[in-house]
Structure formats: structure tokens, C-alpha cells
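Asks: My structure file work_29.cif, mmCIF, N, CA and C atoms, is below:
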```cif
data_final
loop_
_atom_site.label_atom_id
_atom_site.label_comp_id
_atom_site.auth_asym_id
_atom_site.auth_seq_id
_atom_site.Cartn_x
_atom_site.Cartn_y
_atom_site.Cartn_z
N MET A 36 0.84 -1.18 0.00
CA MET A 36 0.00 0.00 0.00
C MET A 36 0.88 1.25 0.00
N ALA A 37 0.47 2.24 -0.78
CA ALA A 37 1.26 3.47 -0.91
C ALA A 37 1.16 4.31 0.35
N LYS A 38 2.25 4.99 0.65
CA LYS A 38 2.26 5.86 1.82
C LYS A 38 2.00 7.29 1.39
N GLY A 39 1.46 8.07 2.30
CA GLY A 39 1.21 9.48 2.02
C GLY A 39 -0.26 9.77 1.85
N HIS A 40 -0.55 11.03 1.69
CA HIS A 40 -1.92 11.49 1.53
C HIS A 40 -2.41 11.18 0.11
N ARG A 41 -3.69 11.03 -0.04
CA ARG A 41 -4.27 10.67 -1.34
C ARG A 41 -3.89 11.66 -2.44
N SER A 42 -3.92 12.95 -2.11
CA SER A 42 -3.59 13.97 -3.11
C SER A 42 -2.11 13.89 -3.50
N GLN A 43 -1.26 13.56 -2.54
CA GLN A 43 0.17 13.41 -2.84
C GLN A 43 0.41 12.21 -3.75
N ILE A 44 -0.29 11.12 -3.49
CA ILE A 44 -0.16 9.92 -4.32
C ILE A 44 -0.62 10.22 -5.74
N LYS A 45 -1.73 10.94 -5.87
CA LYS A 45 -2.22 11.31 -7.19
C LYS A 45 -1.24 12.21 -7.93
N ARG A 46 -0.65 13.16 -7.21
CA ARG A 46 0.31 14.08 -7.80
C ARG A 46 1.52 13.32 -8.34
N GLU A 47 2.01 12.36 -7.57
CA GLU A 47 3.16 11.57 -8.01
C GLU A 47 2.82 10.70 -9.21
N ARG A 48 1.62 10.13 -9.20
CA ARG A 48 1.20 9.27 -10.30
C ARG A 48 1.05 10.08 -11.59
N ASN A 49 0.49 11.29 -11.47
CA ASN A 49 0.28 12.13 -12.65
C ASN A 49 1.58 12.76 -13.15
N ALA A 50 2.60 12.84 -12.30
CA ALA A 50 3.88 13.42 -12.71
C ALA A 50 4.61 12.51 -13.69
N GLU A 51 4.37 11.21 -13.59
CA GLU A 51 5.01 10.25 -14.49
C GLU A 51 4.25 10.20 -15.81
N LYS A 52 4.58 11.12 -16.72
CA LYS A 52 3.88 11.20 -18.00
C LYS A 52 4.43 10.15 -18.96
N ASP A 53 3.54 9.57 -19.74
CA ASP A 53 3.92 8.61 -20.77
C ASP A 53 4.38 9.39 -22.00
N THR A 54 5.64 9.24 -22.38
CA THR A 54 6.19 10.01 -23.49
C THR A 54 6.12 9.26 -24.82
N ARG A 55 5.57 8.06 -24.80
CA ARG A 55 5.46 7.30 -26.05
C ARG A 55 4.43 7.96 -26.96
N PRO A 56 4.69 7.99 -28.27
CA PRO A 56 3.72 8.57 -29.19
C PRO A 56 2.48 7.69 -29.30
N SER A 57 1.32 8.34 -29.31
CA SER A 57 0.08 7.56 -29.38
C SER A 57 -0.98 8.36 -30.12
N ALA A 58 -2.06 7.68 -30.44
CA ALA A 58 -3.23 8.31 -31.05
C ALA A 58 -4.45 7.61 -30.52
N LYS A 59 -5.52 8.38 -30.28
CA LYS A 59 -6.74 7.81 -29.73
C LYS A 59 -7.93 8.26 -30.55
N LEU A 60 -8.80 7.31 -30.86
CA LEU A 60 -10.04 7.60 -31.56
C LEU A 60 -11.18 7.32 -30.59
N SER A 61 -11.90 8.36 -30.21
CA SER A 61 -13.01 8.20 -29.27
C SER A 61 -14.32 8.10 -30.03
N TYR A 62 -15.24 7.37 -29.48
CA TYR A 62 -16.59 7.20 -30.02
C TYR A 62 -16.59 6.65 -31.45
N ALA A 63 -15.75 5.66 -31.70
CA ALA A 63 -15.75 5.00 -33.01
C ALA A 63 -16.99 4.13 -33.10
N ARG A 64 -17.71 4.22 -34.22
CA ARG A 64 -18.96 3.46 -34.37
C ARG A 64 -18.69 2.03 -34.81
N VAL A 65 -17.94 1.32 -33.98
CA VAL A 65 -17.65 -0.09 -34.20
C VAL A 65 -17.55 -0.73 -32.82
N SER A 66 -18.01 -1.96 -32.69
CA SER A 66 -17.98 -2.59 -31.37
C SER A 66 -16.54 -2.97 -31.00
N VAL A 67 -16.31 -3.17 -29.73
CA VAL A 67 -14.98 -3.51 -29.22
C VAL A 67 -14.52 -4.83 -29.82
N GLN A 68 -15.41 -5.81 -29.87
CA GLN A 68 -15.06 -7.12 -30.40
C GLN A 68 -14.56 -7.03 -31.84
N LYS A 69 -15.28 -6.28 -32.66
CA LYS A 69 -14.93 -6.18 -34.07
C LYS A 69 -13.63 -5.40 -34.27
N ALA A 70 -13.39 -4.39 -33.44
CA ALA A 70 -12.15 -3.62 -33.53
C ALA A 70 -10.96 -4.47 -33.09
N CYS A 71 -11.17 -5.33 -32.09
CA CYS A 71 -10.08 -6.14 -31.55
C CYS A 71 -9.58 -7.18 -32.55
N PHE A 72 -10.41 -7.63 -33.48
CA PHE A 72 -9.95 -8.57 -34.51
C PHE A 72 -8.80 -7.96 -35.30
N VAL A 73 -8.94 -6.69 -35.65
CA VAL A 73 -7.90 -5.99 -36.43
C VAL A 73 -6.72 -5.62 -35.53
N LEU A 74 -7.00 -5.15 -34.32
CA LEU A 74 -5.93 -4.73 -33.40
C LEU A 74 -5.03 -5.90 -33.03
N ASP A 75 -5.61 -7.08 -32.85
CA ASP A 75 -4.81 -8.26 -32.52
C ASP A 75 -3.85 -8.62 -33.65
N ALA A 76 -4.26 -8.32 -34.88
CA ALA A 76 -3.42 -8.65 -36.03
C ALA A 76 -2.19 -7.75 -36.15
N ILE A 77 -2.27 -6.50 -35.64
CA ILE A 77 -1.15 -5.57 -35.80
C ILE A 77 -0.31 -5.39 -34.54
N ARG A 78 -0.74 -5.92 -33.42
CA ARG A 78 -0.02 -5.72 -32.16
C ARG A 78 1.38 -6.33 -32.24
N GLY A 79 2.40 -5.52 -31.91
CA GLY A 79 3.79 -6.01 -31.91
C GLY A 79 4.48 -5.95 -33.26
N LYS A 80 3.77 -5.61 -34.31
CA LYS A 80 4.35 -5.58 -35.65
C LYS A 80 5.04 -4.23 -35.91
N ASP A 81 5.98 -4.22 -36.87
CA ASP A 81 6.58 -2.95 -37.27
C ASP A 81 5.56 -2.18 -38.11
N ILE A 82 5.85 -0.90 -38.34
CA ILE A 82 4.87 0.00 -38.95
C ILE A 82 4.50 -0.41 -40.37
N GLN A 83 5.49 -0.78 -41.18
CA GLN A 83 5.22 -1.14 -42.58
C GLN A 83 4.32 -2.37 -42.66
N THR A 84 4.59 -3.37 -41.83
CA THR A 84 3.76 -4.58 -41.81
C THR A 84 2.35 -4.27 -41.33
N ALA A 85 2.26 -3.46 -40.27
CA ALA A 85 0.96 -3.11 -39.70
C ALA A 85 0.11 -2.34 -40.72
N LEU A 86 0.74 -1.39 -41.43
CA LEU A 86 0.01 -0.63 -42.46
C LEU A 86 -0.46 -1.54 -43.58
N GLY A 87 0.37 -2.51 -43.95
CA GLY A 87 -0.02 -3.47 -44.99
C GLY A 87 -1.20 -4.32 -44.55
N ILE A 88 -1.20 -4.73 -43.29
CA ILE A 88 -2.29 -5.56 -42.77
C ILE A 88 -3.61 -4.79 -42.78
N VAL A 89 -3.60 -3.55 -42.25
CA VAL A 89 -4.85 -2.80 -42.17
C VAL A 89 -5.33 -2.30 -43.53
N THR A 90 -4.39 -2.09 -44.46
CA THR A 90 -4.78 -1.61 -45.79
C THR A 90 -5.58 -2.68 -46.53
N TYR A 91 -5.16 -3.94 -46.43
CA TYR A 91 -5.80 -5.00 -47.20
C TYR A 91 -6.75 -5.87 -46.38
N ASN A 92 -7.07 -5.43 -45.18
CA ASN A 92 -8.04 -6.16 -44.36
C ASN A 92 -9.45 -5.73 -44.77
N PRO A 93 -10.36 -6.66 -45.04
CA PRO A 93 -11.69 -6.28 -45.53
C PRO A 93 -12.64 -5.74 -44.46
N ARG A 94 -12.27 -5.79 -43.20
CA ARG A 94 -13.18 -5.35 -42.14
C ARG A 94 -13.32 -3.83 -42.12
N TYR A 95 -14.49 -3.36 -41.66
CA TYR A 95 -14.76 -1.92 -41.57
C TYR A 95 -13.83 -1.25 -40.58
N ALA A 96 -13.54 -1.93 -39.47
CA ALA A 96 -12.69 -1.35 -38.42
C ALA A 96 -11.29 -1.06 -38.92
N SER A 97 -10.84 -1.79 -39.94
CA SER A 97 -9.47 -1.60 -40.42
C SER A 97 -9.29 -0.24 -41.08
N THR A 98 -10.34 0.33 -41.67
CA THR A 98 -10.22 1.67 -42.26
C THR A 98 -10.03 2.72 -41.17
N LEU A 99 -10.74 2.56 -40.06
CA LEU A 99 -10.59 3.47 -38.92
C LEU A 99 -9.20 3.34 -38.30
N ILE A 100 -8.75 2.10 -38.15
CA ILE A 100 -7.47 1.84 -37.50
C ILE A 100 -6.31 2.28 -38.39
N GLU A 101 -6.48 2.18 -39.71
CA GLU A 101 -5.43 2.65 -40.63
C GLU A 101 -5.21 4.15 -40.46
N LYS A 102 -6.30 4.89 -40.42
CA LYS A 102 -6.22 6.34 -40.24
C LYS A 102 -5.58 6.69 -38.89
N LEU A 103 -5.95 5.95 -37.86
CA LEU A 103 -5.43 6.17 -36.52
C LEU A 103 -3.94 5.84 -36.45
N LEU A 104 -3.53 4.77 -37.13
CA LEU A 104 -2.12 4.37 -37.16
C LEU A 104 -1.28 5.43 -37.86
N LYS A 105 -1.78 5.96 -38.95
CA LYS A 105 -1.06 7.02 -39.67
C LYS A 105 -0.94 8.28 -38.80
N SER A 106 -1.96 8.56 -38.01
CA SER A 106 -1.91 9.69 -37.09
C SER A 106 -0.87 9.48 -36.01
N ALA A 107 -0.79 8.25 -35.48
CA ALA A 107 0.21 7.94 -34.45
C ALA A 107 1.63 8.05 -35.01
N ILE A 108 1.82 7.64 -36.26
CA ILE A 108 3.13 7.74 -36.91
C ILE A 108 3.52 9.21 -37.07
N ALA A 109 2.56 10.03 -37.50
CA ALA A 109 2.82 11.47 -37.65
C ALA A 109 3.13 12.11 -36.31
N ASN A 110 2.45 11.69 -35.25
CA ASN A 110 2.73 12.21 -33.91
C ASN A 110 4.15 11.85 -33.47
N ALA A 111 4.58 10.62 -33.77
CA ALA A 111 5.92 10.18 -33.39
C ALA A 111 6.98 10.97 -34.13
N GLU A 112 6.71 11.23 -35.41
CA GLU A 112 7.69 11.93 -36.25
C GLU A 112 7.78 13.41 -35.88
N ASN A 113 6.64 14.07 -35.74
CA ASN A 113 6.62 15.52 -35.53
C ASN A 113 6.81 15.93 -34.08
N ASN A 114 6.15 15.25 -33.16
CA ASN A 114 6.19 15.66 -31.75
C ASN A 114 7.38 15.09 -31.00
N ASN A 115 7.76 13.83 -31.32
CA ASN A 115 8.82 13.16 -30.57
C ASN A 115 10.13 13.06 -31.35
N GLY A 116 10.11 13.41 -32.63
CA GLY A 116 11.33 13.35 -33.45
C GLY A 116 11.86 11.95 -33.65
N MET A 117 10.98 10.96 -33.71
CA MET A 117 11.40 9.56 -33.88
C MET A 117 11.51 9.21 -35.36
N ASP A 118 12.32 8.19 -35.65
CA ASP A 118 12.50 7.72 -37.02
C ASP A 118 11.39 6.73 -37.34
N PRO A 119 10.57 6.99 -38.38
CA PRO A 119 9.46 6.08 -38.71
C PRO A 119 9.90 4.66 -39.07
N ALA A 120 11.14 4.51 -39.55
CA ALA A 120 11.62 3.18 -39.93
C ALA A 120 11.83 2.27 -38.71
N LYS A 121 12.06 2.87 -37.54
CA LYS A 121 12.34 2.08 -36.33
C LYS A 121 11.10 1.84 -35.48
N LEU A 122 9.95 2.40 -35.85
CA LEU A 122 8.75 2.32 -35.01
C LEU A 122 8.06 0.96 -35.11
N TYR A 123 7.40 0.59 -34.03
CA TYR A 123 6.54 -0.59 -34.03
C TYR A 123 5.35 -0.34 -33.11
N VAL A 124 4.31 -1.14 -33.26
CA VAL A 124 3.09 -0.99 -32.47
C VAL A 124 3.32 -1.69 -31.13
N GLU A 125 3.52 -0.91 -30.09
CA GLU A 125 3.79 -1.50 -28.78
C GLU A 125 2.48 -1.91 -28.10
N GLU A 126 1.50 -1.04 -28.11
CA GLU A 126 0.21 -1.33 -27.48
C GLU A 126 -0.89 -0.90 -28.42
N CYS A 127 -1.95 -1.66 -28.46
CA CYS A 127 -3.17 -1.21 -29.15
C CYS A 127 -4.35 -1.92 -28.48
N PHE A 128 -5.36 -1.15 -28.15
CA PHE A 128 -6.51 -1.72 -27.47
C PHE A 128 -7.76 -0.91 -27.76
N ALA A 129 -8.89 -1.53 -27.52
CA ALA A 129 -10.18 -0.86 -27.68
C ALA A 129 -10.95 -0.98 -26.38
N ASN A 130 -11.40 0.14 -25.86
CA ASN A 130 -12.22 0.18 -24.65
C ASN A 130 -13.67 0.44 -25.04
N LYS A 131 -14.57 0.00 -24.17
CA LYS A 131 -15.99 0.15 -24.43
C LYS A 131 -16.41 1.61 -24.30
N GLY A 132 -17.18 2.09 -25.26
CA GLY A 132 -17.75 3.42 -25.22
C GLY A 132 -19.23 3.35 -24.89
N PRO A 133 -19.91 4.45 -25.03
CA PRO A 133 -21.36 4.44 -24.76
C PRO A 133 -22.11 3.64 -25.82
N THR A 134 -23.28 3.17 -25.47
CA THR A 134 -24.10 2.39 -26.38
C THR A 134 -25.35 3.18 -26.74
N MET A 135 -25.61 3.32 -28.04
CA MET A 135 -26.86 3.97 -28.48
C MET A 135 -27.95 2.91 -28.47
N LYS A 136 -29.07 3.22 -27.85
CA LYS A 136 -30.17 2.27 -27.77
C LYS A 136 -31.26 2.68 -28.75
N ARG A 137 -31.63 1.76 -29.61
CA ARG A 137 -32.67 2.00 -30.61
C ARG A 137 -33.74 0.93 -30.47
N VAL A 138 -34.89 1.18 -31.07
CA VAL A 138 -36.01 0.23 -30.97
C VAL A 138 -36.39 -0.23 -32.36
N LYS A 139 -36.57 -1.54 -32.50
CA LYS A 139 -37.00 -2.12 -33.78
C LYS A 139 -38.38 -2.74 -33.58
N PRO A 140 -39.36 -2.30 -34.36
CA PRO A 140 -40.71 -2.89 -34.24
C PRO A 140 -40.72 -4.35 -34.68
N ARG A 141 -41.45 -5.17 -33.94
CA ARG A 141 -41.55 -6.60 -34.27
C ARG A 141 -43.02 -6.99 -34.35
N ALA A 142 -43.25 -8.25 -34.58
CA ALA A 142 -44.61 -8.74 -34.78
C ALA A 142 -45.44 -8.60 -33.51
N GLN A 143 -46.75 -8.43 -33.69
CA GLN A 143 -47.75 -8.38 -32.63
C GLN A 143 -47.48 -7.24 -31.65
N GLY A 144 -47.04 -6.11 -32.15
CA GLY A 144 -46.89 -4.91 -31.34
C GLY A 144 -45.71 -4.90 -30.40
N ARG A 145 -44.83 -5.87 -30.56
CA ARG A 145 -43.66 -5.90 -29.68
C ARG A 145 -42.56 -4.98 -30.22
N ALA A 146 -41.60 -4.66 -29.36
CA ALA A 146 -40.46 -3.84 -29.77
C ALA A 146 -39.19 -4.49 -29.23
N TYR A 147 -38.24 -4.72 -30.11
CA TYR A 147 -36.95 -5.28 -29.70
C TYR A 147 -35.94 -4.15 -29.62
N ARG A 148 -35.05 -4.24 -28.64
CA ARG A 148 -34.02 -3.22 -28.49
C ARG A 148 -32.83 -3.55 -29.39
N ILE A 149 -32.36 -2.55 -30.11
CA ILE A 149 -31.13 -2.65 -30.90
C ILE A 149 -30.07 -1.82 -30.19
N GLU A 150 -28.93 -2.43 -29.94
CA GLU A 150 -27.85 -1.71 -29.27
C GLU A 150 -26.73 -1.45 -30.26
N LYS A 151 -26.49 -0.17 -30.53
CA LYS A 151 -25.42 0.23 -31.44
C LYS A 151 -24.22 0.62 -30.58
N ARG A 152 -23.22 -0.23 -30.57
CA ARG A 152 -22.10 -0.06 -29.65
C ARG A 152 -21.01 0.83 -30.23
N MET A 153 -20.32 1.52 -29.33
CA MET A 153 -19.19 2.37 -29.70
C MET A 153 -17.96 1.94 -28.91
N SER A 154 -16.79 2.37 -29.39
CA SER A 154 -15.56 2.03 -28.69
C SER A 154 -14.57 3.19 -28.77
N HIS A 155 -13.61 3.16 -27.86
CA HIS A 155 -12.51 4.12 -27.85
C HIS A 155 -11.25 3.32 -28.18
N ILE A 156 -10.65 3.60 -29.34
CA ILE A 156 -9.50 2.83 -29.82
C ILE A 156 -8.22 3.63 -29.58
N THR A 157 -7.20 2.98 -29.03
CA THR A 157 -5.92 3.62 -28.73
C THR A 157 -4.78 2.81 -29.33
N ILE A 158 -3.82 3.52 -29.96
CA ILE A 158 -2.62 2.89 -30.50
C ILE A 158 -1.41 3.62 -29.91
N VAL A 159 -0.48 2.85 -29.33
CA VAL A 159 0.74 3.41 -28.75
C VAL A 159 1.93 2.79 -29.50
N LEU A 160 2.83 3.65 -29.99
CA LEU A 160 4.00 3.21 -30.72
C LEU A 160 5.25 3.35 -29.86
N ASN A 161 6.33 2.73 -30.30
CA ASN A 161 7.63 2.88 -29.64
C ASN A 161 8.72 2.56 -30.65
N GLU A 162 9.97 2.91 -30.30
CA GLU A 162 11.11 2.63 -31.17
C GLU A 162 11.79 1.35 -30.78
N ARG A 163 12.30 0.62 -31.76
CA ARG A 163 13.07 -0.59 -31.50
C ARG A 163 14.51 -0.22 -31.33
#
```
Would you write out, as C-alpha cells, the structure that this file holds?
Replies:
Amino acid sequence: MAKGHRSQIKRERNAEKDTRPSAKLSYARVSVQKACFVLDAIRGKDIQTALGIVTYNPRYASTLIEKLLKSAIANAENNNGMDPAKLYVEECFANKGPTMKRVKPRAQGRAYRIEKRMSHITIVLNER
């Protein structure tokens, strides 16, 4: 257990900033499960391989992830001064976002709920 006052512990935790280049897409209109199929394919790969995978992947989530990956590469190059040839995908994950609830009319006056799920997708890069 950490010692000190709660505010002091929070201050110390927030002082340790993550300097790795990353990009985050919030409220992506794709479910976490469907996004994870593509994210699992690129995790740990170098940038050229990862871009090739998402470019030719037929899933809808791959178009979103391709754009996000290019954004993370640009962040690494411009903000952190990293060499794009040495980059690889260190972390990539999708967290659950809010769910839009809709109603679909069914037989005999019933209504079924349709849940349109969203996710927050994050890609973190690093240098080898």
C-alpha cells in the first residue's frame, strides 16, 4: 500500500507522464469485439507490416485503425522526433464506449431493443 496522503499519491502518479507517441479515436462506431480482430493482427508488428495488414483487411474497423495508425506515426515523427523506420506498435486496445439504444418494431406490437455499440481505440508506438 502506498504511503502518504491521497492527493500526494495522485500528484506523483500524474507526474510520471507517458512520453510514447500515441493516437486515440473516441466514439468509433464499431464494437470492441470487431475492432479487436484488427488490433490483434497488428499488435507487436513494425509500422510497414501493420500498415499493410490494415490496408488489405476487408473489415470496416481496419479503415478506422489505418487512419489512426497514420496519425500515431505522424505524432511520433513531428512531436517526438522519432525515425518512422524504427517504429513498431507497442500497445493497441479498444475500450468500451457508450451504447446507443434504438427500438425495432416486431410482430404483434412488440419492440426489440437494438444496441449500437461504440468504442474508444488507442494505439501506442515505440522505437526498437
Asks: How would you write, as a ChimeraX atom specification, the residues chosen by the PyMOL selection byres ((chain A and resi 54-70) around 7) on this structure?
Replies: /A:51-53,71-75,96-97,103,106-108,110-111,115,129-133,152-161
Asks: Would you list, as JSON, numbers by chain, the residues of region 99-146 of chain A that end up in strand (DSSP E) under DSSP run on this structure's backbone?
Replies: {"A": [122, 123, 124, 125, 126, 127, 128, 129, 130, 131, 132, 133, 134, 135, 136, 137, 138, 139, 140, 146]}
Asks: Compile the contact shell of Glu101 (chain A) as a PyMOL selection string: residues with an atom at most 7 Å away, counting all atoms listed in the file, same-chain residues fewer than 6 positions apart removed.
Replies: chain A and resi 86+89-90
Asks: Report as a PDB file with N, CA and C atoms, in the coordinates of the input the full result of the PyMOL selection byres (((chain A and resi 149 and name CA) around 10) and name CA) when it is applied to this structure.
Replies:
```pdb
ATOM      1  N   THR A 134     -23.280   3.170 -25.470  1.00  0.00           N
ATOM      2  CA  THR A 134     -24.100   2.390 -26.380  1.00  0.00           C
ATOM      3  C   THR A 134     -25.350   3.180 -26.740  1.00  0.00           C
ATOM      4  N   MET A 135     -25.610   3.320 -28.040  1.00  0.00           N
ATOM      5  CA  MET A 135     -26.860   3.970 -28.480  1.00  0.00           C
ATOM      6  C   MET A 135     -27.950   2.910 -28.470  1.00  0.00           C
ATOM      7  N   LYS A 136     -29.070   3.220 -27.850  1.00  0.00           N
ATOM      8  CA  LYS A 136     -30.170   2.270 -27.770  1.00  0.00           C
ATOM      9  C   LYS A 136     -31.260   2.680 -28.750  1.00  0.00           C
ATOM     10  N   ARG A 137     -31.630   1.760 -29.610  1.00  0.00           N
ATOM     11  CA  ARG A 137     -32.670   2.000 -30.610  1.00  0.00           C
ATOM     12  C   ARG A 137     -33.740   0.930 -30.470  1.00  0.00           C
ATOM     13  N   VAL A 138     -34.890   1.180 -31.070  1.00  0.00           N
ATOM     14  CA  VAL A 138     -36.010   0.230 -30.970  1.00  0.00           C
ATOM     15  C   VAL A 138     -36.390  -0.230 -32.360  1.00  0.00           C
ATOM     16  N   LYS A 139     -36.570  -1.540 -32.500  1.00  0.00           N
ATOM     17  CA  LYS A 139     -37.000  -2.120 -33.780  1.00  0.00           C
ATOM     18  C   LYS A 139     -38.380  -2.740 -33.580  1.00  0.00           C
ATOM     19  N   ALA A 146     -41.600  -4.660 -29.360  1.00  0.00           N
ATOM     20  CA  ALA A 146     -40.460  -3.840 -29.770  1.00  0.00           C
ATOM     21  C   ALA A 146     -39.190  -4.490 -29.230  1.00  0.00           C
ATOM     22  N   TYR A 147     -38.240  -4.720 -30.110  1.00  0.00           N
ATOM     23  CA  TYR A 147     -36.950  -5.280 -29.700  1.00  0.00           C
ATOM     24  C   TYR A 147     -35.940  -4.150 -29.620  1.00  0.00           C
ATOM     25  N   ARG A 148     -35.050  -4.240 -28.640  1.00  0.00           N
ATOM     26  CA  ARG A 148     -34.020  -3.220 -28.490  1.00  0.00           C
ATOM     27  C   ARG A 148     -32.830  -3.550 -29.390  1.00  0.00           C
ATOM     28  N   GLU A 150     -28.930  -2.430 -29.940  1.00  0.00           N
ATOM     29  CA  GLU A 150     -27.850  -1.710 -29.270  1.00  0.00           C
ATOM     30  C   GLU A 150     -26.730  -1.450 -30.260  1.00  0.00           C
ATOM     31  N   LYS A 151     -26.490  -0.170 -30.530  1.00  0.00           N
ATOM     32  CA  LYS A 151     -25.420   0.230 -31.440  1.00  0.00           C
ATOM     33  C   LYS A 151     -24.220   0.620 -30.580  1.00  0.00           C
ATOM     34  N   ARG A 152     -23.220  -0.230 -30.570  1.00  0.00           N
ATOM     35  CA  ARG A 152     -22.100  -0.060 -29.650  1.00  0.00           C
ATOM     36  C   ARG A 152     -21.010   0.830 -30.230  1.00  0.00           C
TER      37      ARG A 152
END
```
Asks: What does the distance from atom N of Ala85 (chain A) to atom C of Tyr123 (chain A) come to in Å, to one decimal?
Replies: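 A separation of 8.4 Å between them.
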Asks: Please measure the separation of CA of Pro93 (chain A) and CA of Glu112 (chain A), giving the value in Å to one decimal.
Replies: 28.2 Å
Asks: Just how far from atom C of Ile88 (chain A) is atom C of Asp118 (chain A), in Å to one decimal?
Replies: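 Atom C of Ile88 (chain A) lies at a distance of 19.7 Å from atom C of Asp118 (chain A).
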Asks: Specify as a PDB file with N, CA and C atoms, in the frame of the given file each residue included when the PyMOL selection byres ((chain A and resi 122) around 6) is applied to this file.
Replies:
```pdb
ATOM      1  N   ASP A  81       5.980  -4.220 -36.870  1.00  0.00           N
ATOM      2  CA  ASP A  81       6.580  -2.950 -37.270  1.00  0.00           C
ATOM      3  C   ASP A  81       5.560  -2.180 -38.110  1.00  0.00           C
ATOM      4  N   ILE A  82       5.850  -0.900 -38.340  1.00  0.00           N
ATOM      5  CA  ILE A  82       4.870   0.000 -38.950  1.00  0.00           C
ATOM      6  C   ILE A  82       4.500  -0.410 -40.370  1.00  0.00           C
ATOM      7  N   ASP A 118      12.320   8.190 -35.650  1.00  0.00           N
ATOM      8  CA  ASP A 118      12.500   7.720 -37.020  1.00  0.00           C
ATOM      9  C   ASP A 118      11.390   6.730 -37.340  1.00  0.00           C
ATOM     10  N   PRO A 119      10.570   6.990 -38.380  1.00  0.00           N
ATOM     11  CA  PRO A 119       9.460   6.080 -38.710  1.00  0.00           C
ATOM     12  C   PRO A 119       9.900   4.660 -39.070  1.00  0.00           C
ATOM     13  N   ALA A 120      11.140   4.510 -39.550  1.00  0.00           N
ATOM     14  CA  ALA A 120      11.620   3.180 -39.930  1.00  0.00           C
ATOM     15  C   ALA A 120      11.830   2.270 -38.710  1.00  0.00           C
ATOM     16  N   LYS A 121      12.060   2.870 -37.540  1.00  0.00           N
ATOM     17  CA  LYS A 121      12.340   2.080 -36.330  1.00  0.00           C
ATOM     18  C   LYS A 121      11.100   1.840 -35.480  1.00  0.00           C
ATOM     19  N   TYR A 123       7.400   0.590 -34.030  1.00  0.00           N
ATOM     20  CA  TYR A 123       6.540  -0.590 -34.030  1.00  0.00           C
ATOM     21  C   TYR A 123       5.350  -0.340 -33.110  1.00  0.00           C
ATOM     22  N   VAL A 124       4.310  -1.140 -33.260  1.00  0.00           N
ATOM     23  CA  VAL A 124       3.090  -0.990 -32.470  1.00  0.00           C
ATOM     24  C   VAL A 124       3.320  -1.690 -31.130  1.00  0.00           C
ATOM     25  N   ASN A 161       6.330   2.730 -30.300  1.00  0.00           N
ATOM     26  CA  ASN A 161       7.630   2.880 -29.640  1.00  0.00           C
ATOM     27  C   ASN A 161       8.720   2.560 -30.650  1.00  0.00           C
ATOM     28  N   GLU A 162       9.970   2.910 -30.300  1.00  0.00           N
ATOM     29  CA  GLU A 162      11.110   2.630 -31.170  1.00  0.00           C
ATOM     30  C   GLU A 162      11.790   1.350 -30.780  1.00  0.00           C
ATOM     31  N   ARG A 163      12.300   0.620 -31.760  1.00  0.00           N
ATOM     32  CA  ARG A 163      13.070  -0.590 -31.500  1.00  0.00           C
ATOM     33  C   ARG A 163      14.510  -0.220 -31.330  1.00  0.00           C
TER      34      ARG A 163
END
```
Asks: Looking only at alpha helix (DSSP H) from DSSP on the backbone, list the matching residues of region 67-145 of chain A as a PyMOL selection string.
Replies: chain A and resi 67-77+82-90+95-113
